[in-house]
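J.: What follows is the file my_file-v8.pdb, containing PDB, C-alpha atoms:
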ATOM      1  CA  MET A  34     -34.312  12.843 -84.574  1.00  0.00           C
ATOM      2  CA  ASN A  35     -36.960  13.741 -87.123  1.00  0.00           C
ATOM      3  CA  ILE A  36     -39.837  11.244 -87.202  1.00  0.00           C
ATOM      4  CA  ASN A  37     -39.373  10.743 -90.962  1.00  0.00           C
ATOM      5  CA  ILE A  38     -35.695   9.908 -90.467  1.00  0.00           C
ATOM      6  CA  ARG A  39     -36.587   7.530 -87.616  1.00  0.00           C
ATOM      7  CA  THR A  40     -39.156   5.787 -89.827  1.00  0.00           C
ATOM      8  CA  LEU A  41     -36.687   5.509 -92.696  1.00  0.00           C
ATOM      9  CA  VAL A  42     -33.895   4.134 -90.499  1.00  0.00           C
ATOM     10  CA  THR A  43     -36.176   1.688 -88.672  1.00  0.00           C
ATOM     11  CA  ASN A  44     -37.518   0.329 -91.958  1.00  0.00           C
ATOM     12  CA  GLY A  45     -34.018   0.125 -93.430  1.00  0.00           C
ATOM     13  CA  VAL A  46     -32.848  -1.938 -90.465  1.00  0.00           C
ATOM     14  CA  LEU A  47     -35.955  -4.126 -90.708  1.00  0.00           C
ATOM     15  CA  ALA A  48     -35.378  -4.736 -94.430  1.00  0.00           C
ATOM     16  CA  ALA A  49     -31.747  -5.643 -93.748  1.00  0.00           C
ATOM     17  CA  LEU A  50     -32.757  -8.025 -90.950  1.00  0.00           C
ATOM     18  CA  TYR A  51     -35.323  -9.671 -93.247  1.00  0.00           C
ATOM     19  CA  ILE A  52     -32.688 -10.172 -95.950  1.00  0.00           C
ATOM     20  CA  ALA A  53     -30.106 -11.513 -93.482  1.00  0.00           C
ATOM     21  CA  ALA A  54     -32.575 -13.919 -91.864  1.00  0.00           C
ATOM     22  CA  THR A  55     -33.620 -15.167 -95.298  1.00  0.00           C
ATOM     23  CA  ALA A  56     -29.987 -15.679 -96.299  1.00  0.00           C
ATOM     24  CA  LEU A  57     -29.451 -17.873 -93.216  1.00  0.00           C
ATOM     25  CA  VAL A  58     -31.992 -20.397 -94.497  1.00  0.00           C
ATOM     26  CA  ALA A  59     -31.763 -19.709 -98.237  1.00  0.00           C
ATOM     27  CA  PRO A  60     -31.643 -23.395 -99.272  1.00  0.00           C
ATOM     28  CA  ILE A  61     -35.072 -23.981 -97.691  1.00  0.00           C
ATOM     29  CA  ALA A  62     -36.495 -20.482 -98.216  1.00  0.00           C
ATOM     30  CA  PHE A  63     -37.248 -20.687-101.933  1.00  0.00           C
ATOM     31  CA  SER A  64     -38.422 -24.213-102.709  1.00  0.00           C
ATOM     32  CA  ASN A  65     -41.837 -25.851-102.736  1.00  0.00           C
ATOM     33  CA  ILE A  66     -41.241 -26.712 -99.074  1.00  0.00           C
ATOM     34  CA  GLN A  67     -40.463 -23.306 -97.618  1.00  0.00           C
ATOM     35  CA  PHE A  68     -39.227 -22.560 -94.136  1.00  0.00           C
ATOM     36  CA  ARG A  69     -38.329 -18.872 -94.251  1.00  0.00           C
ATOM     37  CA  LEU A  70     -37.473 -17.725 -90.718  1.00  0.00           C
ATOM     38  CA  SER A  71     -37.605 -14.080 -91.794  1.00  0.00           C
ATOM     39  CA  GLU A  72     -41.384 -14.395 -92.111  1.00  0.00           C
ATOM     40  CA  ILE A  73     -41.667 -13.795 -88.363  1.00  0.00           C
ATOM     41  CA  PHE A  74     -41.036 -10.117 -89.128  1.00  0.00           C
ATOM     42  CA  ASN A  75     -44.479 -10.034 -90.781  1.00  0.00           C
ATOM     43  CA  HIS A  76     -45.910  -9.850 -87.261  1.00  0.00           C
ATOM     44  CA  LEU A  77     -44.483  -6.348 -86.798  1.00  0.00           C
ATOM     45  CA  ILE A  78     -47.364  -5.005 -88.905  1.00  0.00           C
ATOM     46  CA  VAL A  79     -49.603  -5.760 -85.920  1.00  0.00           C
ATOM     47  CA  PHE A  80     -47.778  -3.150 -83.845  1.00  0.00           C
ATOM     48  CA  ASP A  81     -47.515  -0.322 -86.378  1.00  0.00           C
ATOM     49  CA  LYS A  82     -48.477   0.010 -90.027  1.00  0.00           C
ATOM     50  CA  ARG A  83     -45.239   1.908 -90.689  1.00  0.00           C
ATOM     51  CA  TYR A  84     -43.367  -1.429 -90.639  1.00  0.00           C
ATOM     52  CA  PHE A  85     -45.054  -2.194 -93.979  1.00  0.00           C
ATOM     53  CA  TRP A  86     -42.248  -0.699 -96.065  1.00  0.00           C
ATOM     54  CA  GLY A  87     -39.416  -2.412 -94.210  1.00  0.00           C
ATOM     55  CA  ILE A  88     -41.084  -5.791 -94.604  1.00  0.00           C
ATOM     56  CA  ALA A  89     -41.977  -5.259 -98.279  1.00  0.00           C
ATOM     57  CA  ILE A  90     -38.528  -3.942 -99.196  1.00  0.00           C
ATOM     58  CA  GLY A  91     -36.875  -6.807 -97.307  1.00  0.00           C
ATOM     59  CA  VAL A  92     -38.965  -9.354 -99.227  1.00  0.00           C
ATOM     60  CA  PHE A  93     -38.242  -7.619-102.531  1.00  0.00           C
ATOM     61  CA  PHE A  94     -34.465  -7.621-102.092  1.00  0.00           C
ATOM     62  CA  ALA A  95     -34.278 -11.085-100.528  1.00  0.00           C
ATOM     63  CA  ASN A  96     -36.194 -12.448-103.507  1.00  0.00           C
ATOM     64  CA  LEU A  97     -34.189 -10.395-105.990  1.00  0.00           C
ATOM     65  CA  PHE A  98     -30.781 -11.516-104.748  1.00  0.00           C
ATOM     66  CA  MET A  99     -31.435 -15.058-103.546  1.00  0.00           C
ATOM     67  CA  SER A 100     -34.155 -16.517-105.745  1.00  0.00           C
ATOM     68  CA  THR A 101     -33.566 -18.005-109.176  1.00  0.00           C
ATOM     69  CA  LEU A 102     -37.151 -17.383-110.312  1.00  0.00           C
ATOM     70  CA  GLY A 103     -36.629 -13.855-111.626  1.00  0.00           C
ATOM     71  CA  ALA A 104     -39.774 -11.869-112.405  1.00  0.00           C
ATOM     72  CA  TYR A 105     -41.977 -14.622-110.987  1.00  0.00           C
ATOM     73  CA  GLU A 106     -40.852 -13.420-107.568  1.00  0.00           C
ATOM     74  CA  LEU A 107     -43.090 -10.383-108.037  1.00  0.00           C
ATOM     75  CA  LEU A 108     -45.903 -12.800-107.184  1.00  0.00           C
ATOM     76  CA  GLY A 109     -44.036 -13.580-103.975  1.00  0.00           C
ATOM     77  CA  LEU A 110     -43.870  -9.890-103.173  1.00  0.00           C
ATOM     78  CA  SER A 111     -47.575  -9.511-103.973  1.00  0.00           C
ATOM     79  CA  GLN A 112     -48.381 -12.291-101.470  1.00  0.00           C
ATOM     80  CA  THR A 113     -46.629 -10.300 -98.755  1.00  0.00           C
ATOM     81  CA  ILE A 114     -48.246  -6.991 -99.711  1.00  0.00           C
ATOM     82  CA  ILE A 115     -51.753  -8.469 -99.938  1.00  0.00           C
ATOM     83  CA  SER A 116     -51.380 -10.307 -96.634  1.00  0.00           C
ATOM     84  CA  LEU A 117     -50.008  -7.253 -94.827  1.00  0.00           C
ATOM     85  CA  LEU A 118     -52.859  -5.093 -96.149  1.00  0.00           C
ATOM     86  CA  ILE A 119     -55.465  -7.647 -95.046  1.00  0.00           C
ATOM     87  CA  THR A 120     -53.955  -7.776 -91.557  1.00  0.00           C
ATOM     88  CA  MET A 121     -53.856  -3.973 -91.428  1.00  0.00           C
ATOM     89  CA  GLY A 122     -57.553  -4.004 -92.300  1.00  0.00           C
ATOM     90  CA  PHE A 123     -58.321  -6.387 -89.440  1.00  0.00           C
ATOM     91  CA  GLY A 124     -56.231  -4.155 -87.181  1.00  0.00           C
ATOM     92  CA  VAL A 125     -58.743  -1.352 -87.597  1.00  0.00           C
ATOM     93  CA  PHE A 126     -61.305  -3.444 -85.693  1.00  0.00           C
ATOM     94  CA  ILE A 127     -59.184  -5.788 -83.560  1.00  0.00           C
ATOM     95  CA  LYS A 128     -56.990  -4.103 -80.963  1.00  0.00           C
ATOM     96  CA  ASN A 129     -55.734  -7.192 -79.108  1.00  0.00           C
ATOM     97  CA  LYS A 130     -52.227  -7.660 -80.518  1.00  0.00           C
ATOM     98  CA  LEU A 131     -51.976 -11.397 -79.763  1.00  0.00           C
ATOM     99  CA  VAL A 132     -55.315 -12.085 -81.461  1.00  0.00           C
ATOM    100  CA  LEU A 133     -54.188  -9.992 -84.422  1.00  0.00           C
ATOM    101  CA  MET A 134     -50.933 -11.968 -84.636  1.00  0.00           C
ATOM    102  CA  VAL A 135     -52.956 -15.192 -84.828  1.00  0.00           C
ATOM    103  CA  ILE A 136     -55.095 -13.657 -87.581  1.00  0.00           C
ATOM    104  CA  ASN A 137     -51.921 -12.510 -89.349  1.00  0.00           C
ATOM    105  CA  THR A 138     -50.622 -16.085 -89.212  1.00  0.00           C
ATOM    106  CA  VAL A 139     -53.839 -17.420 -90.730  1.00  0.00           C
ATOM    107  CA  VAL A 140     -53.855 -14.736 -93.443  1.00  0.00           C
ATOM    108  CA  PHE A 141     -50.255 -15.399 -94.494  1.00  0.00           C
ATOM    109  CA  THR A 142     -50.774 -19.164 -94.344  1.00  0.00           C
ATOM    110  CA  CYS A 143     -53.930 -19.109 -96.472  1.00  0.00           C
ATOM    111  CA  ASN A 144     -52.365 -16.728 -98.979  1.00  0.00           C
ATOM    112  CA  MET A 145     -49.559 -19.167 -99.694  1.00  0.00           C
ATOM    113  CA  TRP A 146     -51.685 -20.155-102.674  1.00  0.00           C
ATOM    114  CA  ILE A 147     -49.999 -17.191-104.395  1.00  0.00           C
ATOM    115  CA  ILE A 148     -46.568 -18.716-103.740  1.00  0.00           C
ATOM    116  CA  ALA A 149     -47.843 -22.103-104.937  1.00  0.00           C
ATOM    117  CA  LEU A 150     -49.096 -20.446-108.119  1.00  0.00           C
ATOM    118  CA  MET A 151     -45.752 -18.721-108.612  1.00  0.00           C
ATOM    119  CA  LEU A 152     -43.863 -21.999-108.203  1.00  0.00           C
ATOM    120  CA  ASN A 153     -46.336 -23.809-110.444  1.00  0.00           C
ATOM    121  CA  LEU A 154     -45.822 -21.255-113.201  1.00  0.00           C
ATOM    122  CA  ALA A 155     -42.045 -21.000-112.781  1.00  0.00           C
ATOM    123  CA  ILE A 156     -40.958 -24.592-112.213  1.00  0.00           C
ATOM    124  CA  GLU A 157     -44.131 -26.580-112.866  1.00  0.00           C
ATOM    125  CA  VAL A 158     -44.592 -28.136-109.431  1.00  0.00           C
ATOM    126  CA  PRO A 159     -48.090 -29.449-108.578  1.00  0.00           C
ATOM    127  CA  PHE A 160     -50.206 -26.513-107.389  1.00  0.00           C
ATOM    128  CA  PHE A 161     -52.288 -28.047-104.577  1.00  0.00           C
ATOM    129  CA  ILE A 162     -49.478 -30.097-103.048  1.00  0.00           C
ATOM    130  CA  THR A 163     -47.203 -27.060-103.181  1.00  0.00           C
ATOM    131  CA  TRP A 164     -49.888 -24.883-101.604  1.00  0.00           C
ATOM    132  CA  MET A 165     -50.161 -27.343 -98.713  1.00  0.00           C
ATOM    133  CA  THR A 166     -46.400 -27.687 -98.202  1.00  0.00           C
ATOM    134  CA  THR A 167     -45.691 -23.955 -98.384  1.00  0.00           C
ATOM    135  CA  ALA A 168     -48.706 -23.222 -96.172  1.00  0.00           C
ATOM    136  CA  ALA A 169     -47.473 -25.752 -93.598  1.00  0.00           C
ATOM    137  CA  GLY A 170     -44.049 -24.098 -93.512  1.00  0.00           C
ATOM    138  CA  GLU A 171     -45.607 -20.663 -93.195  1.00  0.00           C
ATOM    139  CA  LEU A 172     -47.921 -21.824 -90.422  1.00  0.00           C
ATOM    140  CA  ILE A 173     -45.024 -23.287 -88.449  1.00  0.00           C
ATOM    141  CA  VAL A 174     -42.762 -20.245 -88.841  1.00  0.00           C
ATOM    142  CA  MET A 175     -45.496 -17.684 -88.190  1.00  0.00           C
ATOM    143  CA  SER A 176     -46.769 -19.630 -85.158  1.00  0.00           C
ATOM    144  CA  ILE A 177     -43.289 -19.739 -83.659  1.00  0.00           C
ATOM    145  CA  GLY A 178     -42.974 -16.093 -84.652  1.00  0.00           C
ATOM    146  CA  ILE A 179     -45.892 -15.126 -82.420  1.00  0.00           C
ATOM    147  CA  ALA A 180     -43.945 -16.221 -79.339  1.00  0.00           C
ATOM    148  CA  VAL A 181     -40.649 -14.745 -80.547  1.00  0.00           C
ATOM    149  CA  ILE A 182     -42.027 -11.365 -81.606  1.00  0.00           C
ATOM    150  CA  TRP A 183     -44.228 -11.105 -78.507  1.00  0.00           C
ATOM    151  CA  ALA A 184     -41.244 -11.796 -76.228  1.00  0.00           C
ATOM    152  CA  LEU A 185     -39.144  -9.226 -78.094  1.00  0.00           C
ATOM    153  CA  HIS A 186     -42.029  -6.760 -77.960  1.00  0.00           C
ATOM    154  CA  GLN A 187     -42.051  -6.972 -74.157  1.00  0.00           C
ATOM    155  CA  ARG A 188     -38.487  -5.539 -74.163  1.00  0.00           C
ATOM    156  CA  LEU A 189     -38.372  -3.440 -77.348  1.00  0.00           C
ATOM    157  CA  ARG A 190     -41.949  -2.105 -77.496  1.00  0.00           C
ATOM    158  CA  PHE A 191     -42.480  -2.392 -81.255  1.00  0.00           C
ATOM    159  CA  ASP A 192     -45.508  -0.129 -80.954  1.00  0.00           C
ATOM    160  CA  ARG A 193     -43.264   2.739 -79.771  1.00  0.00           C
ATOM    161  CA  LEU A 194     -40.168   2.479 -81.983  1.00  0.00           C
ATOM    162  CA  PHE A 195     -41.435   5.196 -84.285  1.00  0.00           C
ATOM    163  CA  ASP A 196     -42.325   7.587 -81.440  1.00  0.00           C
ATOM    164  CA  TYR A 197     -40.464  10.854 -81.457  1.00  0.00           C
ATOM    165  CA  LYS A 198     -38.947  11.802 -78.106  1.00  0.00           C
TER     166      LYS A 198
END
Take the structure in the file and write it out as structure tokens.
T.:
Amino acid sequence: MNINIRTLVTNGVLAALYIAATALVAPIAFSNIQFRLSEIFNHLIVFDKRYFWGIAIGVFFANLFMSTLGAYELLGLSQTIISLLITMGFGVFIKNKLVLMVINTVVFTCNMWIIALMLNLAIEVPFFITWMTTAAGELIVMSIGIAVIWALHQRLRFDRLFDYK
């Protein structure tokens, strides 16, 4: 299999998994108290930067088809892109994957201010309270995600899925 085809297929599957996992919890995935289980997939960026597109496309389509906020959801996508890029930057210097997953959790949690801003603009919820509630949900999901993704990594080797053999 050509490495470009493998990358395309892997990211397509990842995007589909993100969308499906979001759909499972849709009622609590788009409010000012968010608990989006699909956010655990953000940890894949720690293992290979090529997961970036699968995650971003998954977020884009989940938001497009399940959110009622329309164009405001571009802010939601920007939160994911910015956070992934920051984690990728840390990954240049930090090679310990578990440490990088903790950093990724902190980055995504802190950047929930972007989601709070989006919700404030779209449905006029209080910014700071919404930042705290969405950040708490993100922290919980991403923290649980460290254990889940690490356990899956032990069997699936996320750092080798793109390898051509």
J.: So how far away is CA of Phe68 in chain A from CA of Asn129 in chain A, in Å?
T.: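 Taking CA of Asn129 in chain A as the start and CA of Phe68 in chain A as the end point, the length is 27.1 Å.
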J.: Nearest residue to Ala89 in chain A out of A:Val158, A:Leu118, A:Thr163, A:Trp183, using only C-alpha atoms?
T.: A:Leu118
J.: Let me know the centre plus edge lengths, in Å and rounded to one decimal, of a box with edges along x, y and z that contains all listed atoms of range 62-65 of chain A and is padded by 5 Å on every side, as JSON.
T.:
{"center_x": -39.2, "center_y": -23.2, "center_z": -100.5, "size_x": 15.3, "size_y": 15.4, "size_z": 14.5}
J.: Name the residues captured by the PyMOL selection byres ((chain A and resi 120) around 12) when it is applied to the shown file; answer as a PyMOL selection string.
T.: chain A and resi 75-82+85+113-119+121-128+130+132-141+144
J.: Quick one: apply the PyMOL selection byres ((chain A and resi 101) around 12) to the file and drop the selected residues here as a VMD selection string.
T.: chain A and resid 59 to 60 62 to 64 95 to 100 102 to 106 152 155 to 156
J.: Applying 10 Å and only C-alpha atoms, which residues near Cys143 in chain A remain after dropping the ones on its own chain fewer than 5 positions away? List them as a ChimeraX atom specification.
T.: /A:116,137-138,164-165,167-169,171-172
J.: Would you mind reading off the distance between CA of Val42 in chain A and CA of Ile90 in chain A, one decimal, in Å?
T.: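 A separation of 12.7 Å between them.
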J.: Rounded to one decimal, what separation in Å do you get between CA of Ile162 in chain A and CA of Thr142 in chain A?
T.: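 Between CA of Ile162 in chain A and CA of Thr142 in chain A the gap is 14.0 Å.
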J.: For each of A:Pro159, A:Ala54, A:Asp196, A:Ile61, take the minimum atom-to-atom distance to Ile38 in chain A, counting only C-alpha atoms, then give the residue where this is smallest.
T.: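 Looking at the shortest contact to Ile38 in chain A, the residue is A:Asp196.
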J.: In terms of the shortest atom-to-atom distance over all atoms listed in the file, which of A:Val46, A:Ala149, A:Val58, A:Leu107 is closest to Ser71 in chain A?
T.: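 So, comparing all the options, the nearest one is A:Val58.
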J.: Please reconstruct the missing atoms of range 46-66 of chain A (target: N, CA and C atoms) and return them as a compact mmCIF listing (two decimals), in the coordinates of the input.
T.:
# COMPACT_ATOMS: atom_id res chain seq x y z
N VAL A 46 -33.37 -0.87 -91.33
CA VAL A 46 -32.85 -1.94 -90.46
C VAL A 46 -33.72 -3.18 -90.58
N LEU A 47 -35.04 -2.99 -90.58
CA LEU A 47 -35.96 -4.13 -90.71
C LEU A 47 -35.74 -4.86 -92.03
N ALA A 48 -35.62 -4.11 -93.12
CA ALA A 48 -35.38 -4.74 -94.43
C ALA A 48 -34.07 -5.53 -94.41
N ALA A 49 -33.04 -4.95 -93.82
CA ALA A 49 -31.75 -5.64 -93.75
C ALA A 49 -31.85 -6.91 -92.90
N LEU A 50 -32.57 -6.84 -91.79
CA LEU A 50 -32.76 -8.02 -90.95
C LEU A 50 -33.53 -9.11 -91.69
N TYR A 51 -34.55 -8.70 -92.46
CA TYR A 51 -35.32 -9.67 -93.25
C TYR A 51 -34.40 -10.38 -94.25
N ILE A 52 -33.59 -9.61 -94.95
CA ILE A 52 -32.69 -10.17 -95.95
C ILE A 52 -31.68 -11.12 -95.29
N ALA A 53 -31.10 -10.69 -94.18
CA ALA A 53 -30.11 -11.51 -93.48
C ALA A 53 -30.73 -12.81 -92.96
N ALA A 54 -31.91 -12.72 -92.38
CA ALA A 54 -32.58 -13.92 -91.86
C ALA A 54 -32.96 -14.87 -93.00
N THR A 55 -33.32 -14.32 -94.13
CA THR A 55 -33.62 -15.17 -95.30
C THR A 55 -32.35 -15.85 -95.80
N ALA A 56 -31.25 -15.12 -95.82
CA ALA A 56 -29.99 -15.68 -96.30
C ALA A 56 -29.53 -16.86 -95.43
N LEU A 57 -29.84 -16.79 -94.13
CA LEU A 57 -29.45 -17.87 -93.22
C LEU A 57 -30.09 -19.21 -93.58
N VAL A 58 -31.28 -19.16 -94.16
CA VAL A 58 -31.99 -20.40 -94.50
C VAL A 58 -32.30 -20.47 -95.99
N ALA A 59 -31.49 -19.80 -96.79
CA ALA A 59 -31.76 -19.71 -98.24
C ALA A 59 -32.05 -21.05 -98.91
N PRO A 60 -31.35 -22.13 -98.58
CA PRO A 60 -31.64 -23.40 -99.27
C PRO A 60 -33.08 -23.89 -99.05
N ILE A 61 -33.69 -23.54 -97.94
CA ILE A 61 -35.07 -23.98 -97.69
C ILE A 61 -36.05 -22.81 -97.69
N ALA A 62 -35.63 -21.67 -98.20
CA ALA A 62 -36.49 -20.48 -98.22
C ALA A 62 -37.18 -20.27 -99.56
N PHE A 63 -36.75 -20.98 -100.59
CA PHE A 63 -37.25 -20.69 -101.93
C PHE A 63 -37.76 -21.90 -102.69
N SER A 64 -37.97 -23.01 -102.02
CA SER A 64 -38.42 -24.21 -102.71
C SER A 64 -39.92 -24.42 -102.49
N ASN A 65 -40.41 -25.57 -102.93
CA ASN A 65 -41.84 -25.85 -102.74
C ASN A 65 -42.12 -26.33 -101.31
N ILE A 66 -41.09 -26.51 -100.52
CA ILE A 66 -41.24 -26.71 -99.07
C ILE A 66 -40.45 -25.58 -98.43
